[in-house]
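Student: Please see the structure below; I have some questions.
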Amino acid sequence: MAQEREPLLQSGNGGGGRGKGSPAPLPSLSKTVLKVLMWAVFLTWAAAIFFYPTKPAQAAFQSWVAATKQSLFGITGSIFLAFSAPILIVAALAYVYISAFPSDYVHVEKNKLKSLCFRLWTFPVLVDGPFGVVSAVEFIGIVLFIVYVVYSMTYYAVESVSLISKFDKTSFTDSELLLYIIGLRFGSVGLFCMAFLFLPVSRGSVLLRFIDIPFEHATRYHVWLGHLTMALFTLHGLCYVIAWSLEGKLLEEMAEWKEIGVANLPGVISLAAGLLMWVTSLHPVRKRFFELFFYTHQLYVVFVVFLAFHVGDFIFSISAGPIFLFMLDRFLRFWQSRAKVDIISAACRPCGTVELVFTKPASLRYNALSFIFVQVRELSFLQWHPFSVSSSPMDGRYHMSILIKVLGSWTEKLRGIITDAHEQTMNGSESESGRITACVEGPYGHESPYHLMYENLILVAGGIGISPFLAILSDIIHRIEEGKPCMPKNVLVLWSVKKSKELSLLSAVDAQFISSSVSDKLHLDIQAFVTQESQPPLEDGIVGDDQKATGMFVKNGTTMSGLVGTGDNLWAAIYFAASTLGFVLAYALAQAYYVPRYNVVAWWNLGLVFMLCMAAGVALPGGLVVLLWHLSEKRKAENDRWDASAGMAVAAAAREGEEAEQTTNDAADGDAAPGVSLAAMKTTRYGCRPQFEAEFAAFAEKVSGQGGGAADVGVLVCGPPGLQASVARECRSQNLGRRGGRRRRAGAVFHFNSHSFDL
């Protein structure tokens, strides 16, 4: 039994983290060259889009098309090389980079904290407003996009006035011509913005991994770009609708499906699908009718396909590169999500949360700031919900846990299934109605462990937002215990809850007892604030105890799949290369044999051929690579197998062993090394909220006094938008107050980072 318990109870290799067996890195010069090359290609691509409206850029583009359109791929190939190939080249170089220079997931140089780029990423510029908390880098990006749209449309508007005089006015009035030209320009700018729209929603994208932007942050960029893109496309369609109405042939034009030229009806269908997605994604609608938002967002397939029908292959190729990267990610996620994952434990805690513990292969890598998407088929076949991982990779190689607060119908039904199954087990009966068929996507998140970059760390949580910080605390404690590199020395936890019963979540940390050797190296202070209770309840003595029900074990047949974009770098690179080459080969064959043989000239038909070639490249050669990847992962799992069917017995034995060990330790306290429980480090205050100004200032004074100089303080916040705004405002205030000399502050620089979902 000891050998069976070891994977669950003892620390492993951190889920396949890079160790001594990592490949030797290439010279630093090669690393620098790769980085410079990637940024050079990306910035050249972005500059080409930005300056495309100008006459010099138009002349250069026309010269490029004239020089390359005689190739097998024609004008579509010319446009694709100019506007889509660069982002695919950057992705290919990023795969080379992360494969040749695998990140050291344990040690991060302190010099990175001093870099200007990192400080810009972690300095909040905007705190209140429609964009939420915005860092300096994000603010620069927002300004650049606004400047691009305003500048492009202004340039086009001025140009349009001069173009009107060159058209034959026997068929159109000046107003109609102006509407047609301006509408065309709105569509052109919208298409370029759409080239960026799909990049943030590729969850396992190598581009996000390269610049270390976690998916929960990238989702915000997708929302911002979605609003911008749909506003431009809506204005595009509105201009044409008004022009057609002025001509008196609105319905006739909307129903037209041209063979040569832009097909109007597919454009109407595409815009209608986009408008449905846009309206239901607005925050008031999404918050109140999440399922409506989720289901209508699946119309992105209709939106993209009919857009290709609308504009044809060569115009669609402007934004085809990012869409192709999204297709790669979506296909891989489909494969991973097919696995029905074994659940070691599914239990209900008394504070209104559900804990799920999944089995995972030892090779699946994640860190304490990761999150996963979970589907429970008994509740919905389409809904996937994101949850922060509450376990550390150091807790065990073969499992991963999450905490779910019961807030809506989906979580309420999940708790009902678990509660019913527990009652049936207590009565000695079994039923299929208590079964949970769970599928998992991920893990995703920060490529590097943000919480290990600082000697001084402040964790601010609201309610269930403590979940990822439980993983962080466990990760730090285990690393110190095992003598592994770990920078945090001073950790302050500020945790706000509504009711004192929520404080029992602290017992979910794997490392409940901190030895003196750890407490000497780690100064941990947990400040809990109970906002809706003015004094401790009568049963205050058991507030810290977690009387959760015995967990139910569910065997679905397999562990979490390792087929994820953040998984094996080599297989992911091969998948990307095979799919890209397959797409190019399929389109070459179509241009060489299908198009000329059947005299395909209709724009919408050529757009369909282009889309089918993209799909064929992903599904055929890409699918073959994914199959081989799956077989490789399966072989690894068989060579390093832990019997998941013994999971429930293991978990029960673990709890009994821990209780017996704790009793023995208490009885022989005089013989044991001095230590302290995690709960004993918690100070609880009732009827108040944390005063961030005082707490931050006191912490800064403490850490600056230890180091004798300015200290970098990492601030992580997980909670509702209001909490994030308050913490970001205080970080900005502390930093600006120190620099501006308006008020005396201890020598500390606060780096803000959020870890929350708003999907």
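In the structure tokens, chains take letters A, B, ... by order of appearance, with residues numbered from 1 within each chain and ligands from 1 in the order shown.
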Write out as a VMD selection string which residues come within 9 Å of stretch 555-567 of chain A when counting only C-alpha atoms, dropping same-chain ones fewer than 6 positions away.
Tutor: chain A and resid 203 to 206 209 329 332 to 333 335 to 344 358 to 361 363 to 366 398 to 399 436 to 445 447 626 629 to 630 633 to 634 637 644 to 645
Student: Write out as a count of residues only the set of residues from stretch 433-501 of chain A that DSSP, computed on the backbone, places in helix (DSSP H, G or I).
Tutor: 26
Student: Using only C-alpha atoms, pick whichever of A:Tyr575, A:Phe387, A:Phe42, A:Tyr240 has the shortest atom-to-atom distance to A:Glu355.
Tutor: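 Smallest separation from A:Glu355 among the options: A:Phe387.
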Student: If you run DSSP on the backbone, which residues of stretch 381-505 of chain A are strand (DSSP E), as a ChimeraX atom specification?
Tutor: /A:385-388,399-405,438-444,456-462,490-497
Student: Ranking A:Val147, A:Phe314, A:Phe290, A:Ala218 by minimum distance to A:Ala602 and counting only C-alpha atoms, which one comes first?
Tutor: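 Looking only at the distances to A:Ala602, the closest residue turns out to be A:Phe314.
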Student: Could you name the residues that touch A:Trp39 at 12 Å or less, counting only C-alpha atoms, but leaving out those on the same chain fewer than 6 positions away, as a ChimeraX atom specification?
Tutor: /A:32-33,45-47,86-87,89-91,93-94,207,210-211
Student: Would you export the selected residues with all heavy atoms as an mmCIF file, in the first residue's frame, please?
Tutor:
data_model
loop_
_atom_site.group_PDB
_atom_site.id
_atom_site.type_symbol
_atom_site.label_atom_id
_atom_site.label_comp_id
_atom_site.auth_asym_id
_atom_site.auth_seq_id
_atom_site.Cartn_x
_atom_site.Cartn_y
_atom_site.Cartn_z
ATOM 1 N N THR A 32 19.572 35.143 -28.737
ATOM 2 C CA THR A 32 19.318 36.547 -29.044
ATOM 3 C C THR A 32 18.936 36.733 -30.503
ATOM 4 O O THR A 32 18.016 37.493 -30.832
ATOM 5 C CB THR A 32 20.559 37.392 -28.720
ATOM 6 O OG1 THR A 32 20.915 37.207 -27.349
ATOM 7 C CG2 THR A 32 20.301 38.862 -28.988
ATOM 8 N N VAL A 33 19.632 36.029 -31.391
ATOM 9 C CA VAL A 33 19.352 36.136 -32.826
ATOM 10 C C VAL A 33 17.923 35.685 -33.131
ATOM 11 O O VAL A 33 17.196 36.333 -33.898
ATOM 12 C CB VAL A 33 20.376 35.323 -33.641
ATOM 13 C CG1 VAL A 33 19.924 35.196 -35.099
ATOM 14 C CG2 VAL A 33 21.746 35.966 -33.572
ATOM 15 N N TRP A 45 5.507 42.918 -40.174
ATOM 16 C CA TRP A 45 4.124 42.557 -40.514
ATOM 17 C C TRP A 45 3.144 43.609 -39.983
ATOM 18 O O TRP A 45 2.253 44.077 -40.712
ATOM 19 C CB TRP A 45 3.819 41.181 -39.938
ATOM 20 C CG TRP A 45 2.396 40.732 -40.057
ATOM 21 C CD1 TRP A 45 1.703 40.482 -41.206
ATOM 22 C CD2 TRP A 45 1.488 40.457 -38.981
ATOM 23 N NE1 TRP A 45 0.424 40.066 -40.921
ATOM 24 C CE2 TRP A 45 0.270 40.033 -39.567
ATOM 25 C CE3 TRP A 45 1.585 40.500 -37.599
ATOM 26 C CZ2 TRP A 45 -0.836 39.678 -38.792
ATOM 27 C CZ3 TRP A 45 0.485 40.139 -36.834
ATOM 28 C CH2 TRP A 45 -0.705 39.733 -37.424
ATOM 29 N N ALA A 46 3.317 44.001 -38.715
ATOM 30 C CA ALA A 46 2.425 45.003 -38.125
ATOM 31 C C ALA A 46 2.568 46.349 -38.834
ATOM 32 O O ALA A 46 1.569 47.054 -39.072
ATOM 33 C CB ALA A 46 2.729 45.158 -36.637
ATOM 34 N N ALA A 47 3.811 46.707 -39.205
ATOM 35 C CA ALA A 47 4.032 47.976 -39.910
ATOM 36 C C ALA A 47 3.396 47.949 -41.293
ATOM 37 O O ALA A 47 2.852 48.965 -41.760
ATOM 38 C CB ALA A 47 5.531 48.251 -40.014
ATOM 39 N N PRO A 86 3.805 35.883 -42.529
ATOM 40 C CA PRO A 86 4.686 36.366 -41.455
ATOM 41 C C PRO A 86 4.328 35.837 -40.073
ATOM 42 O O PRO A 86 5.218 35.476 -39.295
ATOM 43 C CB PRO A 86 4.524 37.887 -41.532
ATOM 44 C CG PRO A 86 4.201 38.156 -42.951
ATOM 45 C CD PRO A 86 3.340 37.007 -43.368
ATOM 46 N N ILE A 87 3.038 35.765 -39.743
ATOM 47 C CA ILE A 87 2.661 35.300 -38.406
ATOM 48 C C ILE A 87 2.923 33.801 -38.269
ATOM 49 O O ILE A 87 3.239 33.307 -37.178
ATOM 50 C CB ILE A 87 1.176 35.645 -38.109
ATOM 51 C CG1 ILE A 87 0.937 35.649 -36.595
ATOM 52 C CG2 ILE A 87 0.227 34.705 -38.814
ATOM 53 C CD1 ILE A 87 1.673 36.718 -35.848
ATOM 54 N N ILE A 89 5.457 32.331 -39.807
ATOM 55 C CA ILE A 89 6.913 32.281 -39.661
ATOM 56 C C ILE A 89 7.302 32.567 -38.209
ATOM 57 O O ILE A 89 8.173 31.889 -37.640
ATOM 58 C CB ILE A 89 7.583 33.284 -40.615
ATOM 59 C CG1 ILE A 89 7.374 32.848 -42.070
ATOM 60 C CG2 ILE A 89 9.069 33.417 -40.310
ATOM 61 C CD1 ILE A 89 7.834 33.879 -43.088
ATOM 62 N N VAL A 90 6.656 33.547 -37.608
ATOM 63 C CA VAL A 90 6.928 33.849 -36.196
ATOM 64 C C VAL A 90 6.593 32.638 -35.326
ATOM 65 O O VAL A 90 7.342 32.298 -34.401
ATOM 66 C CB VAL A 90 6.119 35.086 -35.745
ATOM 67 C CG1 VAL A 90 6.249 35.286 -34.239
ATOM 68 C CG2 VAL A 90 6.585 36.329 -36.483
ATOM 69 N N ALA A 91 5.468 31.972 -35.613
ATOM 70 C CA ALA A 91 5.089 30.780 -34.841
ATOM 71 C C ALA A 91 6.119 29.664 -35.006
ATOM 72 O O ALA A 91 6.487 28.996 -34.034
ATOM 73 C CB ALA A 91 3.706 30.298 -35.273
ATOM 74 N N LEU A 93 9.338 30.000 -35.737
ATOM 75 C CA LEU A 93 10.536 30.394 -34.991
ATOM 76 C C LEU A 93 10.317 30.263 -33.488
ATOM 77 O O LEU A 93 11.250 29.912 -32.746
ATOM 78 C CB LEU A 93 10.915 31.832 -35.343
ATOM 79 C CG LEU A 93 11.395 32.078 -36.780
ATOM 80 C CD1 LEU A 93 11.588 33.565 -37.027
ATOM 81 C CD2 LEU A 93 12.694 31.322 -37.055
ATOM 82 N N ALA A 94 9.092 30.526 -33.021
ATOM 83 C CA ALA A 94 8.790 30.380 -31.593
ATOM 84 C C ALA A 94 8.894 28.927 -31.165
ATOM 85 O O ALA A 94 9.375 28.632 -30.058
ATOM 86 C CB ALA A 94 7.400 30.933 -31.295
ATOM 87 N N LEU A 207 2.584 31.378 -29.591
ATOM 88 C CA LEU A 207 2.858 32.813 -29.523
ATOM 89 C C LEU A 207 2.582 33.351 -28.124
ATOM 90 O O LEU A 207 3.363 34.147 -27.582
ATOM 91 C CB LEU A 207 2.006 33.557 -30.551
ATOM 92 C CG LEU A 207 2.224 33.158 -32.010
ATOM 93 C CD1 LEU A 207 1.266 33.903 -32.920
ATOM 94 C CD2 LEU A 207 3.660 33.415 -32.428
ATOM 95 N N PHE A 210 5.336 32.114 -25.887
ATOM 96 C CA PHE A 210 6.618 32.777 -26.095
ATOM 97 C C PHE A 210 6.701 34.098 -25.338
ATOM 98 O O PHE A 210 7.715 34.422 -24.720
ATOM 99 C CB PHE A 210 6.841 33.001 -27.597
ATOM 100 C CG PHE A 210 8.037 33.850 -27.913
ATOM 101 C CD1 PHE A 210 9.325 33.384 -27.669
ATOM 102 C CD2 PHE A 210 7.880 35.123 -28.446
ATOM 103 C CE1 PHE A 210 10.429 34.176 -27.954
ATOM 104 C CE2 PHE A 210 8.981 35.914 -28.734
ATOM 105 C CZ PHE A 210 10.259 35.438 -28.481
ATOM 106 N N ILE A 211 5.616 34.883 -25.393
ATOM 107 C CA ILE A 211 5.635 36.162 -24.684
ATOM 108 C C ILE A 211 5.013 36.035 -23.291
ATOM 109 O O ILE A 211 4.861 37.037 -22.591
ATOM 110 C CB ILE A 211 4.897 37.253 -25.495
ATOM 111 C CG1 ILE A 211 3.481 36.811 -25.860
ATOM 112 C CG2 ILE A 211 5.652 37.588 -26.751
ATOM 113 C CD1 ILE A 211 2.707 37.831 -26.674
#
Student: Find the residues near A:Leu179: any atom within 10 Å, counting only C-alpha atoms, skip ones fewer than 5 places away on the same chain, and give them as a ChimeraX atom specification.
Tutor: /A:160,173-174,184-185,236,238-244
Student: Let's have the selection written as an mmCIF file, in the first residue's frame, with C-alpha atoms.
Tutor:
data_model
loop_
_atom_site.group_PDB
_atom_site.id
_atom_site.type_symbol
_atom_site.label_atom_id
_atom_site.label_comp_id
_atom_site.auth_asym_id
_atom_site.auth_seq_id
_atom_site.Cartn_x
_atom_site.Cartn_y
_atom_site.Cartn_z
ATOM 1 C CA SER A 160 -12.505 58.950 -51.217
ATOM 2 C CA THR A 173 -24.998 59.907 -57.015
ATOM 3 C CA ASP A 174 -22.080 61.388 -55.083
ATOM 4 C CA LEU A 184 -15.401 49.217 -48.553
ATOM 5 C CA ARG A 185 -12.702 50.886 -46.418
ATOM 6 C CA HIS A 236 -19.220 48.392 -43.356
ATOM 7 C CA LEU A 238 -24.530 49.788 -42.711
ATOM 8 C CA CYS A 239 -22.917 51.904 -45.415
ATOM 9 C CA TYR A 240 -23.960 49.429 -48.095
ATOM 10 C CA VAL A 241 -27.477 49.031 -46.679
ATOM 11 C CA ILE A 242 -27.987 52.815 -46.771
ATOM 12 C CA ALA A 243 -26.574 53.057 -50.301
ATOM 13 C CA TRP A 244 -28.820 50.229 -51.544
#
Student: Which one of A:His227, A:Val354, A:Val41, A:Leu271 sits closest to A:His283 if you count only C-alpha atoms?
Tutor: A:His227
Student: Would you list the contacts of A:Leu144 as a VMD selection string, taking every protein, DNA or RNA residue within 12 Å and counting only C-alpha atoms, but skipping same-chain residues closer than 6 positions in sequence?
Tutor: chain A and resid 46 to 47 50 137 to 138 150 to 152 193
Student: Please produce an output containing N, CA and C atoms for each residue in the selection, written as a CSV table (one decimal), in the first residue's frame.
Tutor:
chain,number,residue,atom,x,y,z
A,46,ALA,N,3.3,44.0,-38.7
A,46,ALA,CA,2.4,45.0,-38.1
A,46,ALA,C,2.6,46.3,-38.8
A,47,ALA,N,3.8,46.7,-39.2
A,47,ALA,CA,4.0,48.0,-39.9
A,47,ALA,C,3.4,47.9,-41.3
A,50,PHE,N,-0.2,48.6,-40.8
A,50,PHE,CA,-0.4,50.0,-40.3
A,50,PHE,C,-0.3,51.0,-41.5
A,137,VAL,N,1.8,48.4,-20.9
A,137,VAL,CA,1.9,47.7,-22.2
A,137,VAL,C,0.6,47.6,-22.9
A,138,GLU,N,-0.4,47.2,-22.1
A,138,GLU,CA,-1.8,47.1,-22.7
A,138,GLU,C,-2.3,48.4,-23.1
A,150,VAL,N,-8.3,55.3,-36.6
A,150,VAL,CA,-8.6,56.7,-36.8
A,150,VAL,C,-7.8,57.2,-38.0
A,151,TYR,N,-6.5,56.8,-38.0
A,151,TYR,CA,-5.6,57.3,-39.1
A,151,TYR,C,-6.0,56.7,-40.4
A,152,SER,N,-6.3,55.4,-40.4
A,152,SER,CA,-6.7,54.7,-41.7
A,152,SER,C,-8.0,55.3,-42.3
A,193,CYS,N,-8.0,44.1,-38.7
A,193,CYS,CA,-8.2,43.9,-37.2
A,193,CYS,C,-8.6,42.4,-36.9
Student: Give me the residues near A:Leu325 as JSON, numbers by chain, where near means some atom within 9 Å (using only C-alpha atoms) and where sequence neighbours in that chain fewer than 4 positions away do not count.
Tutor: {"A": [88, 91, 198, 199, 202, 205, 320, 321, 329, 330, 576]}
Student: Fewer than 3 positions away in the same chain doesn't count, so skip those; otherwise give me all residues within 9 Å of A:Val509, counting only C-alpha atoms, as a PDB file with N, CA, C and O atoms, in the first residue's frame.
Tutor:
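File written: selection_34.pdb
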ATOM      1  N   SER A 390      -6.013  24.072  -7.748  1.00  0.00           N
ATOM      2  CA  SER A 390      -5.784  24.336  -6.327  1.00  0.00           C
ATOM      3  C   SER A 390      -4.671  23.476  -5.754  1.00  0.00           C
ATOM      4  O   SER A 390      -4.360  23.592  -4.563  1.00  0.00           O
ATOM      5  N   SER A 391      -4.083  22.608  -6.564  1.00  0.00           N
ATOM      6  CA  SER A 391      -2.983  21.759  -6.110  1.00  0.00           C
ATOM      7  C   SER A 391      -1.690  22.211  -6.778  1.00  0.00           C
ATOM      8  O   SER A 391      -1.699  22.792  -7.860  1.00  0.00           O
ATOM      9  N   SER A 392      -0.599  21.934  -6.104  1.00  0.00           N
ATOM     10  CA  SER A 392       0.721  22.247  -6.646  1.00  0.00           C
ATOM     11  C   SER A 392       1.286  21.029  -7.356  1.00  0.00           C
ATOM     12  O   SER A 392       0.969  19.891  -6.979  1.00  0.00           O
ATOM     13  N   LEU A 470      -3.821  28.670  -2.754  1.00  0.00           N
ATOM     14  CA  LEU A 470      -3.565  27.442  -2.001  1.00  0.00           C
ATOM     15  C   LEU A 470      -2.490  26.615  -2.701  1.00  0.00           C
ATOM     16  O   LEU A 470      -1.617  26.033  -2.054  1.00  0.00           O
ATOM     17  N   ALA A 471      -2.572  26.590  -4.047  1.00  0.00           N
ATOM     18  CA  ALA A 471      -1.545  25.877  -4.817  1.00  0.00           C
ATOM     19  C   ALA A 471      -0.192  26.558  -4.658  1.00  0.00           C
ATOM     20  O   ALA A 471       0.846  25.890  -4.539  1.00  0.00           O
ATOM     21  N   LEU A 473       0.897  28.416  -2.068  1.00  0.00           N
ATOM     22  CA  LEU A 473       1.431  28.162  -0.731  1.00  0.00           C
ATOM     23  C   LEU A 473       1.996  26.755  -0.619  1.00  0.00           C
ATOM     24  O   LEU A 473       3.086  26.547  -0.076  1.00  0.00           O
ATOM     25  N   SER A 474       1.264  25.785  -1.149  1.00  0.00           N
ATOM     26  CA  SER A 474       1.747  24.406  -1.114  1.00  0.00           C
ATOM     27  C   SER A 474       3.033  24.256  -1.906  1.00  0.00           C
ATOM     28  O   SER A 474       3.971  23.573  -1.481  1.00  0.00           O
ATOM     29  N   LEU A 505     -11.519  26.487   3.798  1.00  0.00           N
ATOM     30  CA  LEU A 505     -10.829  26.162   2.544  1.00  0.00           C
ATOM     31  C   LEU A 505      -9.321  26.084   2.737  1.00  0.00           C
ATOM     32  O   LEU A 505      -8.623  25.449   1.950  1.00  0.00           O
ATOM     33  N   LEU A 506      -8.818  26.737   3.776  1.00  0.00           N
ATOM     34  CA  LEU A 506      -7.377  26.711   4.017  1.00  0.00           C
ATOM     35  C   LEU A 506      -6.875  25.299   4.271  1.00  0.00           C
ATOM     36  O   LEU A 506      -5.704  25.003   4.033  1.00  0.00           O
ATOM     37  N   GLN A 512      -0.055  21.045   5.464  1.00  0.00           N
ATOM     38  CA  GLN A 512      -0.776  21.655   6.576  1.00  0.00           C
ATOM     39  C   GLN A 512       0.123  21.964   7.768  1.00  0.00           C
ATOM     40  O   GLN A 512      -0.200  22.810   8.589  1.00  0.00           O
ATOM     41  N   LEU A 678      -0.576  25.429   9.530  1.00  0.00           N
ATOM     42  CA  LEU A 678      -0.897  26.538   8.645  1.00  0.00           C
ATOM     43  C   LEU A 678      -2.025  27.385   9.225  1.00  0.00           C
ATOM     44  O   LEU A 678      -2.032  28.611   9.120  1.00  0.00           O
TER      45      LEU A 678
END
Student: Taking only C-alpha atoms into account, which of A:Ile318, A:Met254, A:Met394, A:Val305 comes nearest A:Leu81?
Tutor: A:Ile318
Student: Between atom CA of A:Leu120 and atom CA of A:Tyr148, measure the distance and give it in Å to one decimal.
Tutor: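 Between atom CA of A:Leu120 and atom CA of A:Tyr148 the gap works out to 21.7 Å.
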